[in-house]
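Asker: The following file, data.txt, comprises compact mmCIF, C-alpha atoms and all ligand atoms:
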# COMPACT_ATOMS: atom_id res chain seq x y z
CA MET A 1 0.00 0.00 0.00
CA VAL A 2 1.14 3.51 -0.66
CA CYS A 3 1.47 5.70 2.39
CA ALA A 4 1.12 9.38 1.61
CA GLY A 5 2.74 10.73 4.73
CA GLY A 6 4.44 9.71 7.98
CA THR A 7 4.94 6.21 9.31
CA ASP A 8 1.38 5.68 10.44
CA MET A 9 -0.62 3.00 8.70
CA ILE A 10 -3.83 3.77 10.59
CA ARG A 11 -4.68 7.15 12.06
CA PHE A 12 -7.79 8.20 13.95
CA GLU A 13 -8.19 11.95 14.40
CA SER A 14 -10.86 13.00 16.91
CA VAL A 15 -13.09 10.17 15.75
CA THR A 16 -16.59 9.94 17.16
CA LYS A 17 -19.09 7.33 16.05
CA VAL A 18 -22.72 7.63 17.10
CA TYR A 19 -25.02 4.83 15.93
CA ASP A 20 -28.06 6.00 17.78
CA GLN A 21 -28.63 9.56 19.05
CA LYS A 22 -30.29 8.22 22.21
CA SER A 23 -27.22 6.17 23.22
CA ARG A 24 -23.72 7.17 24.17
CA PRO A 25 -21.22 7.24 21.27
CA ALA A 26 -19.68 3.88 20.36
CA LEU A 27 -16.39 5.79 19.88
CA ASN A 28 -15.87 9.12 21.55
CA ASP A 29 -13.21 11.54 20.27
CA VAL A 30 -10.58 8.88 19.63
CA ASP A 31 -7.08 9.96 18.59
CA LEU A 32 -4.78 7.08 17.77
CA GLU A 33 -1.93 6.25 15.41
CA ILE A 34 -0.82 2.76 14.54
CA ASP A 35 2.50 2.66 12.76
CA ARG A 36 3.39 0.59 9.76
CA GLY A 37 4.60 -2.77 11.07
CA ASP A 38 3.01 -2.40 14.50
CA PHE A 39 1.24 -5.20 16.34
CA ALA A 40 -1.53 -3.71 18.48
CA PHE A 41 -4.03 -5.43 20.73
CA LEU A 42 -7.36 -3.72 21.17
CA VAL A 43 -8.84 -4.63 24.54
CA GLY A 44 -11.74 -3.45 26.65
CA PRO A 45 -15.06 -4.65 27.97
CA SER A 46 -17.89 -5.82 25.77
CA GLY A 47 -19.45 -2.81 24.04
CA SER A 48 -16.38 -0.60 24.52
CA GLY A 49 -16.02 0.05 20.77
CA LYS A 50 -13.44 -2.46 19.51
CA SER A 51 -15.46 -3.81 16.59
CA THR A 52 -16.59 -0.30 15.69
CA PHE A 53 -12.93 0.74 15.53
CA LEU A 54 -12.20 -2.09 13.10
CA ARG A 55 -15.33 -1.39 11.04
CA LEU A 56 -14.33 2.24 10.54
CA ILE A 57 -10.92 1.16 9.21
CA LEU A 58 -12.69 -1.08 6.68
CA ARG A 59 -15.19 1.67 5.89
CA GLU A 60 -18.02 -0.66 6.73
CA ASP A 61 -19.25 2.37 8.64
CA ARG A 62 -18.40 6.06 8.54
CA ALA A 63 -17.28 8.21 11.45
CA THR A 64 -19.92 10.68 12.66
CA SER A 65 -17.15 13.24 13.12
CA GLY A 66 -13.39 13.22 12.86
CA SER A 67 -11.25 11.42 10.28
CA VAL A 68 -9.90 7.90 9.74
CA TYR A 69 -6.79 7.57 7.61
CA VAL A 70 -5.58 4.26 6.21
CA ALA A 71 -2.15 4.32 4.57
CA GLY A 72 -2.37 8.11 4.44
CA LYS A 73 -5.79 8.17 2.78
CA ASN A 74 -8.86 9.66 4.42
CA VAL A 75 -11.29 6.75 4.05
CA ALA A 76 -14.30 9.13 4.02
CA SER A 77 -13.04 10.57 0.74
CA VAL A 78 -12.78 7.18 -0.98
CA PRO A 79 -15.68 6.94 -3.46
CA SER A 80 -17.94 3.90 -3.05
CA TRP A 81 -16.67 2.25 -6.21
CA ARG A 82 -13.13 2.41 -4.82
CA VAL A 83 -13.98 0.90 -1.42
CA PRO A 84 -13.29 -2.67 -2.64
CA ARG A 85 -9.79 -1.53 -3.57
CA LEU A 86 -9.30 0.00 -0.12
CA ARG A 87 -10.41 -3.30 1.45
CA ARG A 88 -8.05 -5.26 -0.78
CA GLY A 89 -5.22 -3.76 1.23
CA ILE A 90 -6.74 -4.99 4.49
CA GLY A 91 -7.05 -8.66 5.46
CA VAL A 92 -9.70 -9.56 8.03
CA VAL A 93 -10.07 -12.55 10.34
CA PHE A 94 -13.11 -13.20 12.52
CA GLN A 95 -13.88 -15.35 15.54
CA ASP A 96 -16.22 -17.58 13.51
CA PHE A 97 -13.84 -18.23 10.57
CA ARG A 98 -16.46 -17.52 7.84
CA LEU A 99 -15.15 -20.06 5.32
CA LEU A 100 -17.06 -21.09 2.21
CA PRO A 101 -18.45 -24.50 3.28
CA ASN A 102 -18.52 -26.05 -0.20
CA LYS A 103 -15.00 -25.09 -1.17
CA ASP A 104 -11.96 -27.01 0.01
CA VAL A 105 -8.96 -25.41 1.73
CA PHE A 106 -7.24 -24.56 -1.55
CA GLY A 107 -10.50 -23.25 -3.01
CA ASN A 108 -11.24 -20.99 -0.06
CA VAL A 109 -7.85 -19.32 -0.31
CA ALA A 110 -7.79 -19.28 -4.11
CA PHE A 111 -11.22 -17.60 -4.15
CA ALA A 112 -9.77 -14.45 -2.56
CA MET A 113 -7.38 -14.19 -5.51
CA GLN A 114 -9.99 -15.10 -8.14
CA VAL A 115 -12.38 -12.31 -7.09
CA ILE A 116 -9.72 -9.72 -7.75
CA GLY A 117 -8.90 -11.20 -11.13
CA ARG A 118 -5.54 -12.85 -10.42
CA LYS A 119 -4.34 -15.24 -13.11
CA ARG A 120 -4.48 -19.01 -12.67
CA HIS A 121 -0.72 -19.45 -12.67
CA ALA A 122 -0.36 -16.81 -9.92
CA ILE A 123 -3.00 -18.61 -7.86
CA ARG A 124 -1.35 -22.01 -8.37
CA GLU A 125 1.96 -20.55 -7.23
CA THR A 126 0.83 -18.37 -4.32
CA VAL A 127 -1.81 -20.48 -2.54
CA PRO A 128 0.58 -23.36 -1.65
CA GLU A 129 3.12 -20.83 -0.32
CA VAL A 130 0.55 -19.24 1.97
CA LEU A 131 -0.84 -22.62 3.10
CA LYS A 132 2.72 -23.59 4.02
CA LEU A 133 3.12 -20.38 6.03
CA VAL A 134 0.06 -21.25 8.13
CA GLY A 135 1.02 -24.94 8.47
CA LEU A 136 -1.68 -26.48 6.28
CA GLU A 137 0.42 -28.34 3.70
CA GLY A 138 -1.20 -31.62 2.77
CA LYS A 139 -4.70 -30.44 3.74
CA GLU A 140 -5.46 -28.62 0.47
CA ARG A 141 -8.36 -30.88 -0.50
CA ARG A 142 -10.15 -30.96 2.86
CA LEU A 143 -13.50 -29.25 3.22
CA PRO A 144 -14.00 -26.89 6.18
CA HIS A 145 -16.13 -29.43 8.09
CA GLU A 146 -13.24 -31.89 7.85
CA LEU A 147 -10.95 -29.50 9.76
CA SER A 148 -10.49 -28.64 13.44
CA GLY A 149 -11.35 -25.14 14.63
CA GLY A 150 -7.67 -24.20 14.71
CA GLU A 151 -7.19 -25.47 11.16
CA GLN A 152 -10.25 -23.55 9.96
CA GLN A 153 -8.83 -20.39 11.48
CA ARG A 154 -5.53 -21.07 9.67
CA VAL A 155 -7.44 -21.24 6.39
CA ALA A 156 -9.16 -17.95 7.25
CA ILE A 157 -5.77 -16.35 7.97
CA ALA A 158 -4.31 -17.73 4.74
CA ARG A 159 -7.27 -16.26 2.84
CA ALA A 160 -6.83 -12.91 4.61
CA ILE A 161 -3.15 -12.58 3.68
CA VAL A 162 -2.98 -14.23 0.27
CA ASN A 163 -3.27 -10.87 -1.52
CA LYS A 164 -0.46 -9.47 0.66
CA PRO A 165 -2.39 -6.75 2.49
CA GLY A 166 -0.52 -4.06 4.40
CA ILE A 167 -2.90 -4.47 7.33
CA LEU A 168 -4.41 -7.52 9.02
CA LEU A 169 -7.40 -6.91 11.30
CA ALA A 170 -8.39 -9.76 13.62
CA ASP A 171 -11.60 -9.59 15.63
CA GLU A 172 -11.36 -12.14 18.46
CA PRO A 173 -9.52 -14.67 16.27
CA THR A 174 -8.95 -17.06 19.17
CA GLY A 175 -12.41 -16.64 20.70
CA ASN A 176 -13.55 -20.13 19.62
CA LEU A 177 -10.27 -21.93 20.21
CA ASP A 178 -8.70 -23.71 23.16
CA PRO A 179 -5.54 -22.20 24.72
CA ALA A 180 -3.03 -24.50 23.01
CA THR A 181 -4.59 -23.96 19.58
CA SER A 182 -4.71 -20.22 20.24
CA VAL A 183 -0.95 -20.16 20.83
CA GLY A 184 -0.45 -21.69 17.36
CA ILE A 185 -2.66 -19.02 15.81
CA MET A 186 -0.76 -16.27 17.63
CA ASN A 187 2.55 -17.65 16.36
CA ILE A 188 1.21 -17.34 12.83
CA LEU A 189 -0.03 -13.77 13.39
CA ASP A 190 3.36 -12.91 14.89
CA ARG A 191 5.15 -14.33 11.84
CA ILE A 192 2.89 -12.36 9.51
CA ASN A 193 3.67 -9.22 11.50
CA GLN A 194 7.41 -9.95 11.30
CA ASN A 195 7.03 -10.10 7.53
CA GLY A 196 5.96 -6.43 7.71
CA THR A 197 2.15 -6.55 7.96
CA THR A 198 0.54 -4.19 10.46
CA VAL A 199 -1.67 -6.29 12.77
CA VAL A 200 -4.55 -5.02 14.90
CA MET A 201 -6.27 -7.63 17.03
CA ALA A 202 -9.35 -7.13 19.20
CA THR A 203 -9.40 -9.65 22.02
CA HIS A 204 -10.66 -10.59 25.48
CA ASP A 205 -7.91 -13.20 25.87
CA ASP A 206 -5.72 -12.03 28.76
CA ASP A 207 -3.28 -14.98 28.54
CA ILE A 208 -2.47 -14.16 24.95
CA VAL A 209 -2.02 -10.43 25.55
CA ASN A 210 0.20 -11.10 28.54
CA SER A 211 2.35 -13.66 26.73
CA MET A 212 2.90 -11.51 23.62
CA ARG A 213 3.79 -8.22 25.36
CA ARG A 214 2.96 -6.06 22.36
CA ARG A 215 1.21 -2.70 22.17
CA VAL A 216 -2.07 -2.66 24.11
CA VAL A 217 -4.77 -0.07 23.42
CA GLU A 218 -7.63 -0.25 25.89
CA LEU A 219 -11.05 1.17 25.07
CA ASP A 220 -13.76 1.87 27.57
CA ASN A 221 -17.11 3.42 26.77
CA GLY A 222 -15.71 4.43 23.39
CA SER A 223 -12.62 6.24 24.74
CA VAL A 224 -8.98 5.19 24.77
CA VAL A 225 -8.14 4.78 28.46
CA ARG A 226 -4.73 3.15 28.06
CA ASP A 227 -2.07 2.83 25.37
CA GLU A 228 1.10 0.93 26.30
CA SER A 229 3.88 -0.25 24.03
CA ALA A 230 4.58 -3.60 25.70
CA GLY A 231 1.45 -3.89 27.73
CA GLU A 232 -0.45 -6.40 29.79
CA TYR A 233 -4.13 -7.14 29.94
CA THR A 234 -4.73 -5.08 33.06
CA ALA A 235 -8.19 -3.69 32.56
CA MET A 236 -8.63 -0.27 34.17
CA ILE A 237 -11.27 0.29 36.82
CA PRO A 238 -12.67 3.58 38.08
CA ILE A 239 -11.56 4.66 41.54
CA VAL A 240 -13.28 7.31 43.63
CA ASN A 241 -10.73 9.11 45.81
CA ALA A 242 -11.49 10.45 49.28
CA ASP A 243 -11.93 13.94 47.84
CA GLY A 244 -14.56 12.66 45.42
CA THR A 245 -12.34 12.84 42.33
CA ARG A 246 -12.37 9.88 39.98
CA GLU A 247 -9.51 8.24 38.16
CA LEU A 248 -8.76 5.04 36.28
CA ARG A 249 -6.24 2.58 37.68
CA PRO A 250 -5.20 -0.94 36.62
CA ALA A 251 -7.68 -3.50 38.00
CA LYS A 252 -4.96 -5.92 39.04
CA GLY A 253 -3.23 -4.91 42.27
CA THR A 254 -5.16 -1.65 42.60
CA VAL A 255 -5.15 -0.14 46.06
CA PRO A 256 -7.39 2.91 46.34
CA ALA A 257 -5.81 6.06 47.77
CA ALA A 258 -6.34 6.42 51.51
CA GLY A 259 -10.04 6.80 52.25
CA GLY A 260 -10.97 6.08 48.64
CA GLN A 261 -12.79 3.08 47.27
CA ALA A 262 -12.84 1.08 44.09
CA ILE A 263 -16.24 1.12 42.48
CA ALA A 264 -17.77 -1.69 40.46
CA PRO A 265 -15.81 -2.14 37.25
CA PHE A 266 -18.33 -1.30 34.49
CA ASP A 267 -20.00 -4.33 33.01
CA THR A 268 -16.84 -6.41 32.85
CA GLU A 269 -17.23 -9.92 34.06
CA GLU A 270 -14.39 -11.86 35.51
CA ASP A 271 -14.22 -14.24 32.55
CA GLU A 272 -13.78 -11.33 30.17
CA LEU A 273 -10.81 -9.83 31.96
N1 LIG A 301 -24.93 -1.33 14.20
C1 LIG A 301 -25.10 -0.80 15.40
N2 LIG A 301 -26.21 -0.06 15.70
C2 LIG A 301 -26.38 0.49 16.91
N3 LIG A 301 -25.50 0.39 17.92
C3 LIG A 301 -24.39 -0.34 17.70
C4 LIG A 301 -24.12 -0.97 16.44
N4 LIG A 301 -22.93 -1.61 16.53
C5 LIG A 301 -22.47 -1.40 17.78
N5 LIG A 301 -23.33 -0.64 18.49
C6 LIG A 301 -23.14 -0.17 19.86
O1 LIG A 301 -21.90 0.50 19.92
C7 LIG A 301 -21.20 0.20 21.13
C8 LIG A 301 -19.84 -0.40 20.79
O2 LIG A 301 -20.04 -1.68 20.19
P1 LIG A 301 -18.84 -2.55 19.60
O3 LIG A 301 -19.45 -3.73 18.90
O4 LIG A 301 -17.93 -1.69 18.83
O5 LIG A 301 -18.11 -3.01 20.96
P2 LIG A 301 -17.01 -4.16 21.20
O6 LIG A 301 -16.01 -3.58 22.12
O7 LIG A 301 -16.54 -4.70 19.90
O8 LIG A 301 -17.84 -5.28 21.96
P3 LIG A 301 -17.59 -6.89 22.03
O9 LIG A 301 -16.34 -7.10 22.81
O10 LIG A 301 -18.81 -7.38 22.76
O11 LIG A 301 -17.52 -7.38 20.61
C9 LIG A 301 -22.11 -0.73 21.92
O12 LIG A 301 -22.83 0.06 22.82
C10 LIG A 301 -23.03 -1.31 20.86
O13 LIG A 301 -24.30 -1.63 21.41
Would you encode the structure as structure tokens?
Ligand SMILES: Nc1ncnc2c1ncn2[C@@H]1O[C@H](COP(=O)(O)OP(=O)(O)OP(=O)(O)O)[C@@H](O)[C@H]1O
Answerer:
Amino acid sequence: MVCAGGTDMIRFESVTKVYDQKSRPALNDVDLEIDRGDFAFLVGPSGSGKSTFLRLILREDRATSGSVYVAGKNVASVPSWRVPRLRRGIGVVFQDFRLLPNKDVFGNVAFAMQVIGRKRHAIRETVPEVLKLVGLEGKERRLPHELSGGEQQRVAIARAIVNKPGILLADEPTGNLDPATSVGIMNILDRINQNGTTVVMATHDDDIVNSMRRRVVELDNGSVVRDESAGEYTAMIPIVNADGTRELRPAKGTVPAAGGQAIAPFDTEEDEL
């Protein structure tokens, strides 16, 4: 992808997204830059705005105010007929894999190249390379229902990267997988990132965030409440100090200031932290 200016691959400038005037904004005045080659986790309680953040990058939705730049381009100024081209530079992986059930492993990955008009020889050359990268050699002719969850997610990742996007967005990619399988998926995402792809991953998986020690951006109620370069999954909770002032502190190991008290942490449940 061509980047018009700076090193940022994704830039949010004062971005607010309101779906419904009667509700609070899904994103509220978010300023954030994600550099080319970064690996950033997006964490935060359910409803904090993670999926909305990803949808705005893909221009599946438009910001109510503010600007979203992808590779230097303001996505709001991309005409509708050019949106497919914008999305071609962005691979996406979801929690529920979303494979084509009647196509085999090779066919699912090849399809992503066919729809953009790649030639048969390019497909025959590239698909095996990508399947090797995700550890699926020898499984080319299996149908999705003949694969484990982890293998299905590998196919989804292969499909997402086969056109060599500059950005890979992953929305809870390990949400349906057991811990050991999740580690395998994270190793693949890490390798893809080391090959130069910018990766943004929304997750509730604290073990994974804590083992990777990459950038962590935490959203709460649509606002960025934490941005650390080698962060942990320490969700922030609101503290009321003795003088009545409020502040956010890490949930783990938080001791309220003398006379203060920790108040109930939003709608986060223990299993989501
Ligand atoms: N299409 C929509 N129409 C109306 N409100 C929406 C829509 N999509 C999301 N919202 C609201 O916007 C807020 C942010 O939702 P979003 O899906 O971005 O959160 P999230 O952090 O991804 O949550 P989760 O972890 O549960 O996936 C929520 O209050 C949600 O109800």
Asker: Using all atoms listed in the file, determine which residues lie at most 8 Å from A:Asn108, disregarding the query and same-chain residues fewer than 3 positions distant; provide the list as an MDAnalysis selection string.
Answerer: chainID A and resid 99:100 103:105 111:112 155 159
Asker: Would you name the residues within 12 Å of ligand LIG 301 (chain A), counting all atoms listed in the file, and put them as a ChimeraX atom specification?
Answerer: /A:16-28,42-56,60-62,94-95,170-173,175,201-205,217-224,267-269,272-273
Asker: Provide an axis-aligned box for all listed atoms of stretch 103-109 of chain A, padding each side by 8 Å; report its centre and its edge lengths in Å to one decimal, as lines of an AutoDock Vina configuration file.
Answerer:
center_x = -11.1
center_y = -23.2
center_z = -0.6
size_x = 23.8
size_y = 23.7
size_z = 20.7
Asker: Check the smallest atom-to-atom distance from each of A:Asp29, A:Glu13, A:Asp96, A:Glu125 to A:Val70 using only C-alpha atoms, then report the winner.
Answerer: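 Checking each of A:Asp29, A:Glu13, A:Asp96, A:Glu125 against A:Val70, counting only C-alpha atoms, the winner is A:Glu13.
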Asker: Between A:Ile161, A:Pro179, A:Ser211, A:Thr126, which has the minimum distance to A:Val199 (counting only C-alpha atoms)?
Answerer: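 Selected residue with least distance to A:Val199: A:Ile161.
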Asker: Quick one: everything within 10 Å of A:Gln152, counting only C-alpha atoms, minus sequence neighbours fewer than 6 positions away in the same chain. Send it as a PyMOL selection string.
Answerer: chain A and resi 96-99+105+136+143-146+158
Asker: Taking only C-alpha atoms into account, name the residue in A:Ala40, A:Ile57, A:Met113, A:Met212 that is nearest to A:Ala76.
Answerer: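 Of A:Ala40, A:Ile57, A:Met113, A:Met212, the one nearest A:Ala76 is A:Ile57, counting only C-alpha atoms.
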Asker: So, with only C-alpha atoms as the atoms that count, which of A:Ser80, A:Ile157, A:Val209, A:Ser229 lies closest to A:Ile34?
Answerer: A:Ser229
Asker: Export stretch 110-149 of chain A, N, CA and C atoms, as a PDB file, in the first residue's frame; it's the structure right above.
Answerer:
ATOM      1  N   ALA A 110      -7.884 -19.687  -2.707  1.00  0.00           N
ATOM      2  CA  ALA A 110      -7.794 -19.275  -4.114  1.00  0.00           C
ATOM      3  C   ALA A 110      -8.901 -18.274  -4.452  1.00  0.00           C
ATOM      4  N   PHE A 111     -10.075 -18.453  -3.842  1.00  0.00           N
ATOM      5  CA  PHE A 111     -11.219 -17.598  -4.152  1.00  0.00           C
ATOM      6  C   PHE A 111     -10.888 -16.116  -3.932  1.00  0.00           C
ATOM      7  N   ALA A 112     -10.132 -15.850  -2.864  1.00  0.00           N
ATOM      8  CA  ALA A 112      -9.774 -14.452  -2.560  1.00  0.00           C
ATOM      9  C   ALA A 112      -8.933 -13.846  -3.684  1.00  0.00           C
ATOM     10  N   MET A 113      -8.181 -14.695  -4.386  1.00  0.00           N
ATOM     11  CA  MET A 113      -7.380 -14.189  -5.509  1.00  0.00           C
ATOM     12  C   MET A 113      -8.232 -14.108  -6.777  1.00  0.00           C
ATOM     13  N   GLN A 114      -9.143 -15.098  -6.930  1.00  0.00           N
ATOM     14  CA  GLN A 114      -9.990 -15.104  -8.141  1.00  0.00           C
ATOM     15  C   GLN A 114     -10.868 -13.851  -8.211  1.00  0.00           C
ATOM     16  N   VAL A 115     -11.440 -13.449  -7.053  1.00  0.00           N
ATOM     17  CA  VAL A 115     -12.377 -12.314  -7.094  1.00  0.00           C
ATOM     18  C   VAL A 115     -11.691 -10.998  -7.475  1.00  0.00           C
ATOM     19  N   ILE A 116     -10.379 -10.956  -7.317  1.00  0.00           N
ATOM     20  CA  ILE A 116      -9.718  -9.716  -7.752  1.00  0.00           C
ATOM     21  C   ILE A 116      -9.011  -9.909  -9.101  1.00  0.00           C
ATOM     22  N   GLY A 117      -9.349 -11.018  -9.757  1.00  0.00           N
ATOM     23  CA  GLY A 117      -8.897 -11.200 -11.126  1.00  0.00           C
ATOM     24  C   GLY A 117      -7.475 -11.689 -11.305  1.00  0.00           C
ATOM     25  N   ARG A 118      -6.917 -12.333 -10.261  1.00  0.00           N
ATOM     26  CA  ARG A 118      -5.544 -12.852 -10.424  1.00  0.00           C
ATOM     27  C   ARG A 118      -5.537 -14.044 -11.378  1.00  0.00           C
ATOM     28  N   LYS A 119      -4.454 -14.183 -12.099  1.00  0.00           N
ATOM     29  CA  LYS A 119      -4.338 -15.235 -13.113  1.00  0.00           C
ATOM     30  C   LYS A 119      -4.143 -16.612 -12.466  1.00  0.00           C
ATOM     31  N   ARG A 120      -4.554 -17.654 -13.228  1.00  0.00           N
ATOM     32  CA  ARG A 120      -4.480 -19.015 -12.667  1.00  0.00           C
ATOM     33  C   ARG A 120      -3.078 -19.420 -12.254  1.00  0.00           C
ATOM     34  N   HIS A 121      -2.095 -19.031 -13.038  1.00  0.00           N
ATOM     35  CA  HIS A 121      -0.723 -19.448 -12.674  1.00  0.00           C
ATOM     36  C   HIS A 121      -0.283 -18.773 -11.373  1.00  0.00           C
ATOM     37  N   ALA A 122      -0.720 -17.517 -11.168  1.00  0.00           N
ATOM     38  CA  ALA A 122      -0.359 -16.812  -9.925  1.00  0.00           C
ATOM     39  C   ALA A 122      -1.025 -17.504  -8.728  1.00  0.00           C
ATOM     40  N   ILE A 123      -2.270 -17.934  -8.941  1.00  0.00           N
ATOM     41  CA  ILE A 123      -3.000 -18.614  -7.861  1.00  0.00           C
ATOM     42  C   ILE A 123      -2.316 -19.945  -7.534  1.00  0.00           C
ATOM     43  N   ARG A 124      -1.989 -20.696  -8.582  1.00  0.00           N
ATOM     44  CA  ARG A 124      -1.351 -22.010  -8.373  1.00  0.00           C
ATOM     45  C   ARG A 124      -0.008 -21.871  -7.658  1.00  0.00           C
ATOM     46  N   GLU A 125       0.649 -20.755  -7.858  1.00  0.00           N
ATOM     47  CA  GLU A 125       1.959 -20.547  -7.229  1.00  0.00           C
ATOM     48  C   GLU A 125       1.820 -20.023  -5.798  1.00  0.00           C
ATOM     49  N   THR A 126       0.891 -19.084  -5.603  1.00  0.00           N
ATOM     50  CA  THR A 126       0.830 -18.375  -4.318  1.00  0.00           C
ATOM     51  C   THR A 126       0.100 -19.161  -3.223  1.00  0.00           C
ATOM     52  N   VAL A 127      -1.007 -19.818  -3.577  1.00  0.00           N
ATOM     53  CA  VAL A 127      -1.813 -20.476  -2.538  1.00  0.00           C
ATOM     54  C   VAL A 127      -0.985 -21.515  -1.747  1.00  0.00           C
ATOM     55  N   PRO A 128      -0.219 -22.399  -2.431  1.00  0.00           N
ATOM     56  CA  PRO A 128       0.584 -23.359  -1.647  1.00  0.00           C
ATOM     57  C   PRO A 128       1.586 -22.675  -0.723  1.00  0.00           C
ATOM     58  N   GLU A 129       2.158 -21.554  -1.176  1.00  0.00           N
ATOM     59  CA  GLU A 129       3.121 -20.828  -0.320  1.00  0.00           C
ATOM     60  C   GLU A 129       2.447 -20.352   0.967  1.00  0.00           C
ATOM     61  N   VAL A 130       1.248 -19.795   0.800  1.00  0.00           N
ATOM     62  CA  VAL A 130       0.547 -19.243   1.970  1.00  0.00           C
ATOM     63  C   VAL A 130       0.059 -20.378   2.876  1.00  0.00           C
ATOM     64  N   LEU A 131      -0.394 -21.484   2.271  1.00  0.00           N
ATOM     65  CA  LEU A 131      -0.840 -22.622   3.101  1.00  0.00           C
ATOM     66  C   LEU A 131       0.341 -23.196   3.885  1.00  0.00           C
ATOM     67  N   LYS A 132       1.520 -23.122   3.298  1.00  0.00           N
ATOM     68  CA  LYS A 132       2.717 -23.588   4.019  1.00  0.00           C
ATOM     69  C   LYS A 132       2.992 -22.662   5.205  1.00  0.00           C
ATOM     70  N   LEU A 133       2.868 -21.367   4.968  1.00  0.00           N
ATOM     71  CA  LEU A 133       3.124 -20.379   6.029  1.00  0.00           C
ATOM     72  C   LEU A 133       2.221 -20.629   7.242  1.00  0.00           C
ATOM     73  N   VAL A 134       0.978 -21.042   7.003  1.00  0.00           N
ATOM     74  CA  VAL A 134       0.055 -21.253   8.133  1.00  0.00           C
ATOM     75  C   VAL A 134       0.025 -22.723   8.580  1.00  0.00           C
ATOM     76  N   GLY A 135       0.904 -23.550   8.013  1.00  0.00           N
ATOM     77  CA  GLY A 135       1.017 -24.937   8.467  1.00  0.00           C
ATOM     78  C   GLY A 135      -0.100 -25.850   7.997  1.00  0.00           C
ATOM     79  N   LEU A 136      -0.577 -25.642   6.778  1.00  0.00           N
ATOM     80  CA  LEU A 136      -1.677 -26.480   6.277  1.00  0.00           C
ATOM     81  C   LEU A 136      -1.291 -27.297   5.043  1.00  0.00           C
ATOM     82  N   GLU A 137       0.027 -27.516   4.856  1.00  0.00           N
ATOM     83  CA  GLU A 137       0.421 -28.340   3.703  1.00  0.00           C
ATOM     84  C   GLU A 137      -0.205 -29.724   3.855  1.00  0.00           C
ATOM     85  N   GLY A 138      -0.626 -30.272   2.746  1.00  0.00           N
ATOM     86  CA  GLY A 138      -1.205 -31.620   2.767  1.00  0.00           C
ATOM     87  C   GLY A 138      -2.701 -31.629   3.053  1.00  0.00           C
ATOM     88  N   LYS A 139      -3.256 -30.471   3.424  1.00  0.00           N
ATOM     89  CA  LYS A 139      -4.702 -30.440   3.741  1.00  0.00           C
ATOM     90  C   LYS A 139      -5.492 -29.674   2.666  1.00  0.00           C
ATOM     91  N   GLU A 140      -4.866 -29.471   1.516  1.00  0.00           N
ATOM     92  CA  GLU A 140      -5.465 -28.624   0.469  1.00  0.00           C
ATOM     93  C   GLU A 140      -6.849 -29.074   0.044  1.00  0.00           C
ATOM     94  N   ARG A 141      -7.091 -30.365   0.049  1.00  0.00           N
ATOM     95  CA  ARG A 141      -8.359 -30.880  -0.502  1.00  0.00           C
ATOM     96  C   ARG A 141      -9.425 -31.127   0.559  1.00  0.00           C
ATOM     97  N   ARG A 142      -9.137 -30.786   1.799  1.00  0.00           N
ATOM     98  CA  ARG A 142     -10.151 -30.960   2.857  1.00  0.00           C
ATOM     99  C   ARG A 142     -11.211 -29.880   2.771  1.00  0.00           C
ATOM    100  N   LEU A 143     -12.432 -30.240   3.102  1.00  0.00           N
ATOM    101  CA  LEU A 143     -13.501 -29.246   3.218  1.00  0.00           C
ATOM    102  C   LEU A 143     -13.486 -28.681   4.637  1.00  0.00           C
ATOM    103  N   PRO A 144     -14.043 -27.482   4.843  1.00  0.00           N
ATOM    104  CA  PRO A 144     -14.001 -26.886   6.183  1.00  0.00           C
ATOM    105  C   PRO A 144     -14.515 -27.816   7.294  1.00  0.00           C
ATOM    106  N   HIS A 145     -15.596 -28.569   7.012  1.00  0.00           N
ATOM    107  CA  HIS A 145     -16.132 -29.426   8.087  1.00  0.00           C
ATOM    108  C   HIS A 145     -15.215 -30.610   8.390  1.00  0.00           C
ATOM    109  N   GLU A 146     -14.201 -30.819   7.583  1.00  0.00           N
ATOM    110  CA  GLU A 146     -13.235 -31.887   7.855  1.00  0.00           C
ATOM    111  C   GLU A 146     -11.996 -31.361   8.590  1.00  0.00           C
ATOM    112  N   LEU A 147     -12.089 -30.127   9.071  1.00  0.00           N
ATOM    113  CA  LEU A 147     -10.946 -29.501   9.755  1.00  0.00           C
ATOM    114  C   LEU A 147     -11.300 -29.177  11.203  1.00  0.00           C
ATOM    115  N   SER A 148     -10.285 -29.108  12.064  1.00  0.00           N
ATOM    116  CA  SER A 148     -10.493 -28.644  13.440  1.00  0.00           C
ATOM    117  C   SER A 148     -10.714 -27.126  13.412  1.00  0.00           C
ATOM    118  N   GLY A 149     -11.160 -26.589  14.537  1.00  0.00           N
ATOM    119  CA  GLY A 149     -11.353 -25.135  14.634  1.00  0.00           C
ATOM    120  C   GLY A 149     -10.065 -24.378  14.349  1.00  0.00           C
TER     121      GLY A 149
END
